[in-house]
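S.K.: The structure file query21.cif (mmCIF, C-alpha atoms and all ligand atoms) is provided below.
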data_work
loop_
_atom_site.label_atom_id
_atom_site.label_comp_id
_atom_site.auth_asym_id
_atom_site.auth_seq_id
_atom_site.Cartn_x
_atom_site.Cartn_y
_atom_site.Cartn_z
CA MET A 184 14.71 -5.51 -14.74
CA ILE A 185 11.44 -3.91 -15.57
CA PRO A 186 11.89 -0.22 -16.35
CA ALA A 187 10.96 2.02 -13.47
CA ASP A 188 8.10 3.62 -15.38
CA PHE A 189 6.28 0.33 -15.98
CA LEU A 190 3.71 0.88 -13.29
CA THR A 191 2.82 4.39 -14.31
CA SER A 192 3.18 4.19 -18.08
CA ASN A 193 -0.06 4.02 -20.03
CA ILE A 194 -1.95 4.96 -16.90
CA VAL A 195 -4.12 7.44 -18.68
CA GLU A 196 -4.25 5.84 -22.10
CA ASP A 197 -4.98 2.27 -21.03
CA ASN A 198 -6.43 1.66 -17.65
CA SER A 199 -6.08 -2.09 -18.00
CA GLN A 200 -2.35 -1.58 -17.42
CA VAL A 201 -2.69 0.09 -14.08
CA ALA A 202 -4.45 -0.48 -10.88
CA VAL A 203 -4.34 -2.86 -8.21
CA ILE A 204 -5.88 -4.73 -5.30
CA LEU A 205 -5.35 -7.31 -2.70
CA GLY A 206 -3.44 -8.15 0.34
CA GLY A 207 -4.15 -6.55 3.66
CA ASN A 208 -3.86 -8.66 6.73
CA GLN A 209 -4.42 -8.41 10.39
CA ASN A 210 -2.20 -10.73 12.30
CA THR A 211 -3.89 -11.55 15.57
CA GLN A 212 -1.03 -13.51 17.10
CA CYS A 213 0.01 -10.59 19.26
CA GLY A 214 -3.40 -9.17 20.15
CA GLU A 215 -3.45 -5.42 20.73
CA LYS A 216 0.05 -5.06 19.40
CA ALA A 217 -0.76 -6.63 16.05
CA LEU A 218 0.05 -4.51 13.04
CA LEU A 219 -2.87 -2.36 12.12
CA MET A 220 -3.81 -3.41 8.66
CA ALA A 221 -6.88 -4.07 6.59
CA PRO A 222 -8.83 -7.27 7.25
CA LYS A 223 -7.62 -10.45 5.67
CA LEU A 224 -8.63 -11.28 2.15
CA ARG A 225 -8.38 -15.04 1.99
CA GLY A 226 -10.08 -18.18 0.77
CA TYR A 227 -13.16 -17.83 -1.40
CA GLN A 228 -13.41 -14.07 -0.82
CA CYS A 229 -9.87 -13.66 -2.10
CA SER A 230 -10.37 -15.81 -5.23
CA ALA A 231 -13.67 -14.10 -6.02
CA ALA A 232 -12.00 -10.69 -5.75
CA VAL A 233 -9.20 -11.73 -8.14
CA HIS A 234 -11.66 -13.09 -10.72
CA CYS A 235 -13.77 -9.97 -10.50
CA ALA A 236 -10.68 -7.74 -10.71
CA ILE A 237 -9.32 -9.47 -13.82
CA GLU A 238 -12.72 -9.32 -15.49
CA THR A 239 -12.97 -5.63 -14.57
CA GLY A 240 -9.57 -4.90 -16.15
CA PHE A 241 -7.14 -4.85 -13.21
CA ARG A 242 -3.72 -6.22 -14.10
CA HIS A 243 -1.56 -5.34 -11.10
CA PHE A 244 -1.90 -7.48 -7.98
CA ASP A 245 -0.20 -6.78 -4.70
CA THR A 246 0.29 -9.55 -2.19
CA ALA A 247 2.88 -10.64 0.39
CA TYR A 248 4.09 -13.74 2.20
CA TYR A 249 2.70 -12.06 5.32
CA TYR A 250 -0.84 -11.91 3.92
CA GLU A 251 -0.93 -15.70 3.59
CA ASN A 252 -2.99 -15.51 0.40
CA GLU A 253 -0.38 -16.08 -2.30
CA LYS A 254 -1.77 -19.54 -3.03
CA GLU A 255 -5.34 -18.30 -3.59
CA ILE A 256 -4.18 -15.38 -5.70
CA GLY A 257 -1.93 -17.59 -7.84
CA GLU A 258 -4.71 -20.14 -8.34
CA ALA A 259 -7.25 -17.53 -9.39
CA LEU A 260 -4.80 -15.85 -11.77
CA ARG A 261 -3.83 -19.19 -13.34
CA THR A 262 -7.51 -20.07 -13.79
CA GLN A 263 -8.02 -16.78 -15.61
CA ILE A 264 -5.01 -17.56 -17.81
CA LYS A 265 -6.39 -21.05 -18.57
CA MET A 266 -9.75 -19.53 -19.43
CA GLY A 267 -7.94 -17.39 -22.00
CA ASN A 268 -9.01 -14.14 -20.37
CA ILE A 269 -5.47 -12.96 -19.77
CA SER A 270 -1.87 -14.02 -20.37
CA ARG A 271 0.91 -14.14 -17.77
CA GLU A 272 2.81 -11.38 -19.59
CA ASN A 273 -0.12 -9.01 -19.07
CA ILE A 274 -0.25 -9.52 -15.32
CA PHE A 275 1.97 -7.50 -13.00
CA LEU A 276 2.41 -9.51 -9.83
CA THR A 277 3.99 -7.95 -6.76
CA THR A 278 4.80 -9.87 -3.62
CA LYS A 279 7.04 -9.26 -0.63
CA LEU A 280 9.78 -10.78 1.47
CA TRP A 281 8.54 -10.97 5.07
CA ASN A 282 10.59 -9.74 8.03
CA THR A 283 11.35 -13.25 9.34
CA HIS A 284 13.31 -13.97 6.14
CA HIS A 285 15.89 -11.19 6.17
CA ASP A 286 18.82 -13.58 6.60
CA PRO A 287 20.55 -13.43 3.19
CA ARG A 288 20.97 -17.23 3.32
CA ASP A 289 17.18 -17.64 3.51
CA VAL A 290 16.12 -15.22 0.77
CA ARG A 291 16.42 -17.57 -2.21
CA ARG A 292 14.70 -20.47 -0.42
CA ILE A 293 11.68 -18.41 0.70
CA CYS A 294 11.32 -16.79 -2.71
CA GLU A 295 11.30 -20.27 -4.28
CA LYS A 296 8.57 -21.22 -1.81
CA GLN A 297 6.55 -18.11 -2.72
CA LEU A 298 6.90 -18.95 -6.43
CA GLU A 299 5.62 -22.41 -5.66
CA LEU A 300 2.67 -21.02 -3.70
CA LEU A 301 1.85 -18.62 -6.52
CA GLY A 302 2.37 -21.31 -9.15
CA PHE A 303 4.39 -19.04 -11.44
CA SER A 304 7.96 -19.20 -12.67
CA TYR A 305 8.70 -15.54 -11.93
CA ILE A 306 7.48 -12.59 -9.86
CA ASP A 307 7.30 -9.18 -11.52
CA LEU A 308 8.21 -7.16 -8.45
CA TYR A 309 9.60 -8.45 -5.16
CA LEU A 310 9.66 -5.97 -2.27
CA MET A 311 11.41 -6.06 1.09
CA HIS A 312 8.29 -5.60 3.24
CA PHE A 313 9.96 -3.66 6.07
CA PRO A 314 13.55 -2.70 6.98
CA VAL A 315 13.47 -4.45 10.38
CA GLY A 316 14.18 -8.19 10.48
CA TYR A 317 12.35 -10.55 12.87
CA LYS A 318 13.72 -13.73 14.35
CA TYR A 319 13.14 -16.80 12.18
CA VAL A 320 11.46 -19.66 14.04
CA CYS A 321 9.73 -21.51 11.21
CA ASP A 322 7.96 -20.47 8.01
CA GLU A 323 4.57 -20.35 9.71
CA ILE A 324 5.47 -17.99 12.59
CA LEU A 325 5.28 -14.50 11.20
CA MET A 326 5.32 -12.57 14.48
CA PRO A 327 7.84 -14.35 16.79
CA MET A 328 6.76 -13.23 20.24
CA SER A 329 8.53 -13.71 23.54
CA GLY A 330 5.90 -12.67 26.05
CA ASP A 331 4.90 -9.18 24.99
CA GLU A 332 8.05 -8.57 22.97
CA LEU A 333 8.47 -9.20 19.33
CA GLN A 334 11.82 -10.85 18.71
CA THR A 335 13.84 -8.93 16.17
CA VAL A 336 17.28 -9.48 14.65
CA GLU A 337 19.95 -6.99 13.66
CA ILE A 338 20.46 -8.25 10.13
CA ASP A 339 21.40 -5.31 7.95
CA TYR A 340 18.72 -4.70 5.31
CA LEU A 341 21.59 -3.96 2.89
CA ASP A 342 22.70 -7.61 3.09
CA THR A 343 19.10 -8.71 2.54
CA TRP A 344 18.89 -6.38 -0.45
CA ARG A 345 22.05 -7.89 -1.98
CA ALA A 346 20.49 -11.35 -1.66
CA MET A 347 17.39 -9.99 -3.41
CA GLU A 348 19.59 -8.68 -6.24
CA ASN A 349 20.69 -12.24 -6.79
CA LEU A 350 17.07 -13.29 -7.37
CA VAL A 351 16.98 -10.96 -10.36
CA LYS A 352 20.14 -12.57 -11.75
CA LEU A 353 18.57 -16.00 -11.26
CA GLY A 354 15.45 -14.89 -13.21
CA MET A 355 13.13 -15.63 -10.28
CA VAL A 356 12.04 -12.01 -10.02
CA ARG A 357 11.99 -9.35 -12.73
CA SER A 358 12.57 -6.39 -10.45
CA ILE A 359 13.09 -5.59 -6.78
CA GLY A 360 12.03 -2.79 -4.51
CA LEU A 361 11.31 -1.69 -0.98
CA SER A 362 8.38 -1.03 1.28
CA ASN A 363 8.20 1.23 4.34
CA PHE A 364 11.76 2.51 3.86
CA ASN A 365 12.69 6.09 4.73
CA MET A 366 14.88 8.40 2.64
CA GLU A 367 18.13 7.71 4.49
CA GLN A 368 17.64 3.98 4.16
CA ILE A 369 16.90 4.21 0.45
CA GLN A 370 19.91 6.47 -0.03
CA ARG A 371 22.14 3.93 1.71
CA ILE A 372 20.86 1.18 -0.57
CA ILE A 373 21.45 3.30 -3.66
CA GLN A 374 24.98 4.19 -2.55
CA CYS A 375 26.09 0.77 -1.35
CA SER A 376 24.64 -1.66 -3.87
CA SER A 377 24.69 -2.20 -7.59
CA SER A 378 21.00 -1.64 -8.32
CA LYS A 379 18.40 0.97 -7.48
CA PRO A 380 15.02 -0.02 -6.01
CA VAL A 381 12.35 0.20 -8.69
CA VAL A 382 9.58 0.94 -6.17
CA ASN A 383 9.10 2.09 -2.59
CA GLN A 384 5.65 1.07 -1.35
CA VAL A 385 4.58 3.32 1.52
CA GLU A 386 1.45 4.53 3.27
CA ILE A 387 -0.09 7.48 1.41
CA TRP A 388 -3.63 8.85 1.60
CA PRO A 389 -5.08 12.36 1.56
CA GLY A 390 -4.35 12.91 5.27
CA PHE A 391 -0.85 11.46 5.00
CA LEU A 392 0.88 12.50 1.77
CA GLN A 393 4.59 12.05 2.71
CA LYS A 394 5.56 14.78 0.26
CA ASP A 395 9.30 14.84 1.06
CA LEU A 396 9.60 11.10 0.59
CA VAL A 397 7.57 11.20 -2.63
CA ASP A 398 9.74 14.05 -3.98
CA TYR A 399 12.91 12.21 -3.02
CA CYS A 400 11.76 9.03 -4.77
CA ARG A 401 10.65 10.92 -7.86
CA TYR A 402 14.02 12.68 -8.04
CA ASN A 403 15.75 9.29 -7.90
CA GLY A 404 13.46 7.65 -10.45
CA ILE A 405 11.82 5.38 -7.87
CA ILE A 406 8.10 4.75 -8.31
CA VAL A 407 6.03 5.31 -5.20
CA THR A 408 3.22 2.86 -4.58
CA ALA A 409 0.61 4.18 -2.16
CA PHE A 410 -0.76 1.62 0.28
CA SER A 411 -3.88 2.24 2.35
CA PRO A 412 -4.66 4.92 -0.28
CA LEU A 413 -8.17 5.52 1.00
CA GLY A 414 -7.04 5.62 4.62
CA GLN A 415 -8.88 2.36 5.38
CA PRO A 416 -12.37 3.90 5.41
CA ASN A 417 -14.71 2.54 8.05
CA ARG A 418 -18.36 3.33 7.64
CA LYS A 419 -19.20 2.32 11.20
CA ASN A 420 -17.02 4.89 12.94
CA HIS A 421 -16.75 7.33 10.00
CA CYS A 422 -13.01 7.19 9.99
CA PRO A 423 -10.96 8.77 8.48
CA VAL A 424 -12.95 11.93 8.97
CA TYR A 425 -12.11 13.47 5.57
CA PHE A 426 -13.61 10.51 3.71
CA PHE A 427 -17.05 11.02 5.26
CA SER A 428 -16.87 14.83 5.48
CA GLU A 429 -19.25 17.43 4.09
CA GLY A 430 -16.40 18.57 1.82
CA MET A 431 -16.13 15.13 0.29
CA LYS A 432 -19.90 14.96 -0.13
CA ARG A 433 -19.71 18.16 -2.20
CA LEU A 434 -17.03 16.68 -4.42
CA VAL A 435 -19.02 13.48 -4.81
CA LYS A 436 -22.01 15.50 -5.93
CA LYS A 437 -20.01 17.78 -8.22
CA TYR A 438 -18.10 15.02 -10.07
CA LYS A 439 -20.80 12.34 -9.75
CA ARG A 440 -18.16 9.93 -8.44
CA SER A 441 -17.72 8.13 -5.14
CA ALA A 442 -15.33 9.37 -2.45
CA SER A 443 -12.96 6.50 -3.30
CA GLN A 444 -12.91 7.44 -6.96
CA ILE A 445 -12.18 11.07 -6.08
CA VAL A 446 -9.31 10.01 -3.81
CA LEU A 447 -7.79 7.54 -6.29
CA ARG A 448 -7.93 10.09 -9.10
CA TYR A 449 -6.33 12.66 -6.79
CA LEU A 450 -3.49 10.26 -5.84
CA ILE A 451 -2.79 9.36 -9.46
CA ASP A 452 -2.52 13.05 -10.27
CA TYR A 453 -0.22 13.40 -7.25
CA GLY A 454 2.09 10.98 -9.10
CA VAL A 455 1.83 7.80 -7.03
CA VAL A 456 0.36 4.36 -7.78
CA PRO A 457 -2.54 3.72 -5.40
CA ILE A 458 -3.29 0.10 -4.49
CA PRO A 459 -6.75 0.07 -2.92
CA LYS A 460 -7.85 -3.16 -1.33
CA ALA A 461 -11.41 -4.10 -2.23
CA ALA A 462 -13.38 -7.28 -1.72
CA ASN A 463 -16.76 -5.87 -2.72
CA PRO A 464 -17.29 -6.19 -6.51
CA ILE A 465 -18.96 -2.78 -6.62
CA HIS A 466 -15.86 -1.25 -5.04
CA ILE A 467 -13.54 -3.19 -7.38
CA LYS A 468 -15.37 -1.85 -10.43
CA GLU A 469 -15.58 1.67 -9.08
CA ASN A 470 -11.87 1.79 -8.31
CA LEU A 471 -10.85 1.27 -11.93
CA ASN A 472 -13.39 3.67 -13.32
CA ILE A 473 -11.35 6.79 -12.61
CA PHE A 474 -9.64 7.64 -15.87
CA ASP A 475 -12.44 9.51 -17.60
CA PHE A 476 -12.70 12.49 -15.27
CA LYS A 477 -10.31 15.00 -13.73
CA LEU A 478 -10.46 17.10 -10.58
CA ASP A 479 -10.12 20.79 -11.25
CA GLU A 480 -7.22 22.75 -9.77
CA ALA A 481 -9.25 24.38 -7.03
CA ASP A 482 -10.56 21.06 -5.76
CA THR A 483 -7.09 19.50 -5.97
CA ARG A 484 -5.79 22.38 -3.83
CA LEU A 485 -8.58 21.89 -1.34
CA LEU A 486 -7.81 18.19 -1.03
CA ARG A 487 -4.16 19.17 -0.50
CA GLY A 488 -5.40 21.32 2.36
CA ILE A 489 -6.66 18.37 4.39
CA LYS A 490 -4.86 18.57 7.70
CA PRO A 491 -2.03 16.06 8.12
CA LYS A 492 -2.92 13.07 10.27
CA SER A 493 -0.86 10.32 11.88
CA ARG A 494 0.09 7.29 9.86
CA ILE A 495 -2.19 4.27 10.24
CA VAL A 496 0.30 1.43 9.82
CA LYS A 497 2.94 2.16 12.46
CA TYR A 498 4.68 -1.18 13.17
CA GLU A 499 5.00 0.39 16.61
CA ILE A 500 5.86 -2.90 18.26
CA VAL A 501 9.40 -2.59 16.84
CA LYS A 502 9.77 1.16 17.25
CA ASP A 503 13.00 0.85 19.26
CA HIS A 504 14.83 -1.17 16.64
CA MET A 505 17.87 0.49 15.03
CA PHE A 506 16.32 0.14 11.56
CA TYR A 507 12.81 1.32 12.52
CA PRO A 508 11.99 3.69 9.63
CA PHE A 509 9.40 6.09 11.03
CA GLU A 510 9.82 9.17 13.19
CA LEU A 511 6.50 8.91 15.00
CA LEU A 512 7.23 11.70 17.46
CA LYS A 513 8.36 14.10 14.77
CA GLU A 514 5.41 13.23 12.58
CA ASN A 515 3.03 13.94 15.44
CA ASN A 516 4.78 17.22 16.32
CA GLU A 517 4.66 18.28 12.70
CA GLU A 518 1.00 17.51 12.78
CA SER A 519 0.42 19.87 15.69
CA GLU A 520 2.64 22.56 14.11
CA VAL A 521 0.59 22.42 10.95
CA LYS A 522 -2.58 22.54 12.97
CA ASP A 523 -1.30 25.58 14.89
CA SER A 524 -0.29 27.45 11.76
CA GLN A 525 -3.47 26.52 10.00
CA THR A 526 -5.61 27.99 12.71
CA LYS A 527 -4.23 31.39 11.59
CA GLU A 528 -5.17 30.77 7.97
CA PRO A 529 -8.68 31.44 6.68
CA LYS A 530 -10.67 28.27 7.08
CA LEU A 531 -11.07 26.19 3.93
CA PRO A 532 -14.65 26.13 2.78
CA TYR A 533 -14.77 22.42 2.05
CA PHE A 534 -12.89 20.72 4.85
CA PRO A 535 -13.80 21.96 8.32
CA SER A 536 -11.84 21.12 11.46
CA GLU A 537 -11.83 17.63 12.86
CA GLU A 538 -14.01 18.63 15.81
CA GLU A 539 -16.54 20.26 13.51
CA GLU A 540 -16.43 17.25 11.23
CA GLU A 541 -17.07 14.89 14.08
CA LYS A 542 -20.01 17.00 15.18
CA GLU A 543 -21.36 17.13 11.62
CA ASN A 544 -20.91 13.44 11.07
CA HIS A 545 -22.68 12.79 14.31
CA GLU A 546 -25.53 14.99 13.20
CA ASN A 547 -25.68 13.62 9.67
CA TYR A 548 -25.32 9.94 10.26
CA GLU A 549 -26.71 9.08 13.61
N1 LIG B 1 3.49 -2.64 2.48
C1 LIG B 1 2.78 -2.56 3.59
O1 LIG B 1 3.32 -2.54 4.71
C2 LIG B 1 1.29 -2.50 3.48
C3 LIG B 1 0.50 -2.18 4.61
C4 LIG B 1 -0.88 -2.10 4.47
C5 LIG B 1 -1.46 -2.33 3.21
N2 LIG B 1 -0.68 -2.66 2.13
C6 LIG B 1 -1.27 -2.93 0.79
O2 LIG B 1 -2.17 -1.87 0.46
C7 LIG B 1 -3.44 -2.41 0.12
C8 LIG B 1 -4.56 -1.45 0.50
O3 LIG B 1 -4.41 -0.95 1.80
P1 LIG B 1 -5.49 -1.10 2.98
O4 LIG B 1 -6.32 -2.29 2.74
O5 LIG B 1 -4.73 -1.00 4.24
O6 LIG B 1 -6.35 0.24 2.89
P2 LIG B 1 -7.38 0.90 1.83
O7 LIG B 1 -7.19 0.31 0.48
O8 LIG B 1 -7.20 2.36 2.01
O9 LIG B 1 -8.80 0.51 2.44
C9 LIG B 1 -9.41 -0.73 2.26
C10 LIG B 1 -10.86 -0.56 2.65
O10 LIG B 1 -11.48 0.34 1.72
C11 LIG B 1 -12.69 -0.21 1.26
N3 LIG B 1 -12.92 0.22 -0.12
C12 LIG B 1 -12.20 -0.10 -1.22
N4 LIG B 1 -12.72 0.46 -2.31
C13 LIG B 1 -13.82 1.15 -1.89
C14 LIG B 1 -14.79 1.92 -2.57
N5 LIG B 1 -14.75 2.11 -3.90
N6 LIG B 1 -15.78 2.50 -1.83
C15 LIG B 1 -15.84 2.33 -0.50
N7 LIG B 1 -14.94 1.60 0.21
C16 LIG B 1 -13.94 1.01 -0.50
C17 LIG B 1 -12.51 -1.72 1.33
O11 LIG B 1 -13.78 -2.32 1.45
P3 LIG B 1 -14.15 -3.76 0.82
O12 LIG B 1 -12.96 -4.65 1.04
O13 LIG B 1 -15.36 -4.16 1.55
O14 LIG B 1 -14.42 -3.59 -0.66
C18 LIG B 1 -11.67 -1.85 2.60
O15 LIG B 1 -12.48 -1.87 3.73
C19 LIG B 1 -3.50 -3.74 0.88
O16 LIG B 1 -4.40 -4.62 0.29
C20 LIG B 1 -2.06 -4.22 0.75
O17 LIG B 1 -1.88 -4.86 -0.52
C21 LIG B 1 0.67 -2.74 2.25
#
Represent the structure from my file as structure tokens, please.

M.R.:
Amino acid sequence: MIPADFLTSNIVEDNSQVAVILGGNQNTQCGEKALLMAPKLRGYQCSAAVHCAIETGFRHFDTAYYYENEKEIGEALRTQIKMGNISRENIFLTTKLWNTHHDPRDVRRICEKQLELLGFSYIDLYLMHFPVGYKYVCDEILMPMSGDELQTVEIDYLDTWRAMENLVKLGMVRSIGLSNFNMEQIQRIIQCSSSKPVVNQVEIWPGFLQKDLVDYCRYNGIIVTAFSPLGQPNRKNHCPVYFFSEGMKRLVKKYKRSASQIVLRYLIDYGVVPIPKAANPIHIKENLNIFDFKLDEADTRLLRGIKPKSRIVKYEIVKDHMFYPFELLKENNEESEVKDSQTKEPKLPYFPSEEEEEKENHENYE
């Protein structure tokens, strides 16, 4: 197994060891109910992003069976190896077991298929993408729908995890971890199996910090990877609000860095491993150029003060499943409690209320 500190070690000293891209998918098979994720990065756009990322210095790549781009990513990485720009040992490749393959009897077969797609003999980190299993129909159907309903199964993620442990023994994967698991689920895995997850990859961005989960993982020596670390910024509708706010503009001016760079630096200092998705070469380059500046304490505190928002990636379509990991109602209540209590606090100078922000953005951009 790779030691748990692999992803964070050398972060400051050697930025070629860190950082990350890729993945993101929007499955349209179930229309409105599709998982809310970043747009697909496939085909030429995907290969071009990998080449640019390697040449920029990125060494950690995050993909998944679900993203349907393992083949392109593998091809681009192998081309870079052939060109002598990088060796396999210096790449950290993460991919994930999709929900339709939770049956322990299927885990080895699908991992072999993923290795074949990637064109490598091992995967550095293999994550269980989500604790809820979906019905297996065939390898190509990722969202097995019956009318409006997504067909799930009640396979215990613990049994899936034990099958993943076997992949480590077989040398197919170097380490295993989880994604979108809550504290109780991680605890159950730690207590009932022989190995600890190396990583839990969860949604984290300045409006959604998941502090309890991060603290729990840190206490247990589990690295937290932050997906959607920027909050999936969208220039057209200026969402999330914080990203396009006046407060952020002040930080951009003060540090002479982009909003994304400020956020990525902030998340690294928070102690998580952000994996921004970027197709645009300017973004790819920007996102690695974050290790030669530091946010001062006051600005870090102000970013901490951004009001909690709802998670973006909800997997709501399976919210009634016994292994659904998120407490959407509680999260939303907590959000309003925080809002209520914060109205009594003096207003932060940099990050005005959402309503004010919307008004300002309207005034500034339109
Ligand atoms: N485990 C899970 O369930 C799960 C779920 C969602 C995502 N993920 C992983 O997390 C990764 C990132 O998450 P995400 O794509 O949802 O959200 P994200 O990284 O927060 O946002 C991606 C968006 O940010 C833009 N962007 C990137 N760098 C930028 C920069 N420097 N300046 C301005 N805009 C920038 C990208 O634009 P361009 O593409 O145009 O450059 C893209 O539109 C995914 O690729 C995937 O690997 C995992």

S.K.: Determine, counting only C-alpha atoms, every residue of protein, DNA or RNA that lies within 12 Å of (11.9, -20.8, -6.2) in the file coordinates, then give the result as a PyMOL selection string.

M.R.: chain A and resi 289-306+350-351+353-356

S.K.: Any idea what the distance is between atom CA of A:Tyr498 and atom C10 of ligand LIG 1 (chain B)?

M.R.: 18.8 Å

S.K.: Just how far from atom C8 of ligand LIG 1 (chain B) is atom CA of A:Tyr317, in Å to one decimal?

M.R.: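 Pair atom CA of A:Tyr317 / atom C8 of ligand LIG 1 (chain B) returns 22.8 Å.
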
S.K.: At most 12 Å from (3.5, 9.9, 16.3), file frame, only C-alpha atoms: which residues, as a PDB file with C-alpha atoms, keeping the file's coordinate frame?

M.R.:
ATOM      1  CA  PRO A 491      -2.030  16.060   8.120  1.00  0.00           C
ATOM      2  CA  LYS A 492      -2.920  13.070  10.270  1.00  0.00           C
ATOM      3  CA  SER A 493      -0.860  10.320  11.880  1.00  0.00           C
ATOM      4  CA  ARG A 494       0.090   7.290   9.860  1.00  0.00           C
ATOM      5  CA  ILE A 495      -2.190   4.270  10.240  1.00  0.00           C
ATOM      6  CA  VAL A 496       0.300   1.430   9.820  1.00  0.00           C
ATOM      7  CA  LYS A 497       2.940   2.160  12.460  1.00  0.00           C
ATOM      8  CA  TYR A 498       4.680  -1.180  13.170  1.00  0.00           C
ATOM      9  CA  GLU A 499       5.000   0.390  16.610  1.00  0.00           C
ATOM     10  CA  LYS A 502       9.770   1.160  17.250  1.00  0.00           C
ATOM     11  CA  PHE A 509       9.400   6.090  11.030  1.00  0.00           C
ATOM     12  CA  GLU A 510       9.820   9.170  13.190  1.00  0.00           C
ATOM     13  CA  LEU A 511       6.500   8.910  15.000  1.00  0.00           C
ATOM     14  CA  LEU A 512       7.230  11.700  17.460  1.00  0.00           C
ATOM     15  CA  LYS A 513       8.360  14.100  14.770  1.00  0.00           C
ATOM     16  CA  GLU A 514       5.410  13.230  12.580  1.00  0.00           C
ATOM     17  CA  ASN A 515       3.030  13.940  15.440  1.00  0.00           C
ATOM     18  CA  ASN A 516       4.780  17.220  16.320  1.00  0.00           C
ATOM     19  CA  GLU A 517       4.660  18.280  12.700  1.00  0.00           C
ATOM     20  CA  GLU A 518       1.000  17.510  12.780  1.00  0.00           C
ATOM     21  CA  SER A 519       0.420  19.870  15.690  1.00  0.00           C
TER      22      SER A 519
END

S.K.: Measuring atom to atom with all atoms listed in the file, identify which of A:Tyr227, A:Thr283, A:Asp339, A:Tyr309 is nearest to A:Met326.

M.R.: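 Nearest candidate to A:Met326 out of A:Tyr227, A:Thr283, A:Asp339, A:Tyr309: A:Thr283.
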
S.K.: What's the separation between atom CA of A:Arg271 and atom CA of A:Cys400, in Å to one decimal place?

M.R.: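 Going from atom CA of A:Arg271 over to atom CA of A:Cys400 covers 28.7 Å.
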
S.K.: Rank A:Pro457, A:Gly360, A:Pro416, A:Gly240 by their smallest atom-to-atom distance to A:Ser428, using all atoms listed in the file, and report the top residue only.

M.R.: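 Once distances to A:Ser428 are computed over all atoms listed in the file, the minimum belongs to A:Pro416.
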
S.K.: Ranking A:Leu392, A:Leu333, A:Ile467, A:Ile500 by minimum distance to ligand LIG 1 (chain B) and counting only C-alpha atoms and all ligand atoms, which one comes first?

M.R.: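 Nearest to ligand LIG 1 (chain B): A:Ile467.
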
S.K.: Go through A:His504, A:Lys432, A:Arg418, A:Arg448 one by one, measure the shortest atom-to-atom distance of each to ligand LIG 1 (chain B) using all atoms listed in the file, and give the residue with the smallest value.

M.R.: A:Arg418

S.K.: Please determine, counting only C-alpha atoms and all ligand atoms, which residue among A:Arg433, A:Arg357, A:His312, A:Lys439 has the shortest atom-to-atom distance to ligand LIG 1 (chain B).

M.R.: A:His312

S.K.: Restricting the calculation to all atoms listed in the file, which member of A:Phe476, A:Tyr438, A:Tyr425, A:Phe410 is positioned closest to A:Val455?

M.R.: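 Once distances to A:Val455 are computed over all atoms listed in the file, the minimum belongs to A:Phe410.
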
S.K.: Can you tell me which residues surround A:Asp286 at a distance of at most 8 Å, considering all atoms listed in the file, apart from same-chain residues fewer than 5 positions away, and format the answer as a list of chain:residue names?

M.R.: A:Ile338, A:Asp342, A:Thr343

S.K.: Step by step, gather every atom of ligand LIG 1 (chain B) that the file lists, find the box along x, y and z that holds them, add 3 Å on each side, and finally give centre and edge lengths in Å to one decimal, as JSON.

M.R.:
{"center_x": -6.2, "center_y": -1.2, "center_z": 0.4, "size_x": 25.3, "size_y": 13.4, "size_z": 14.6}
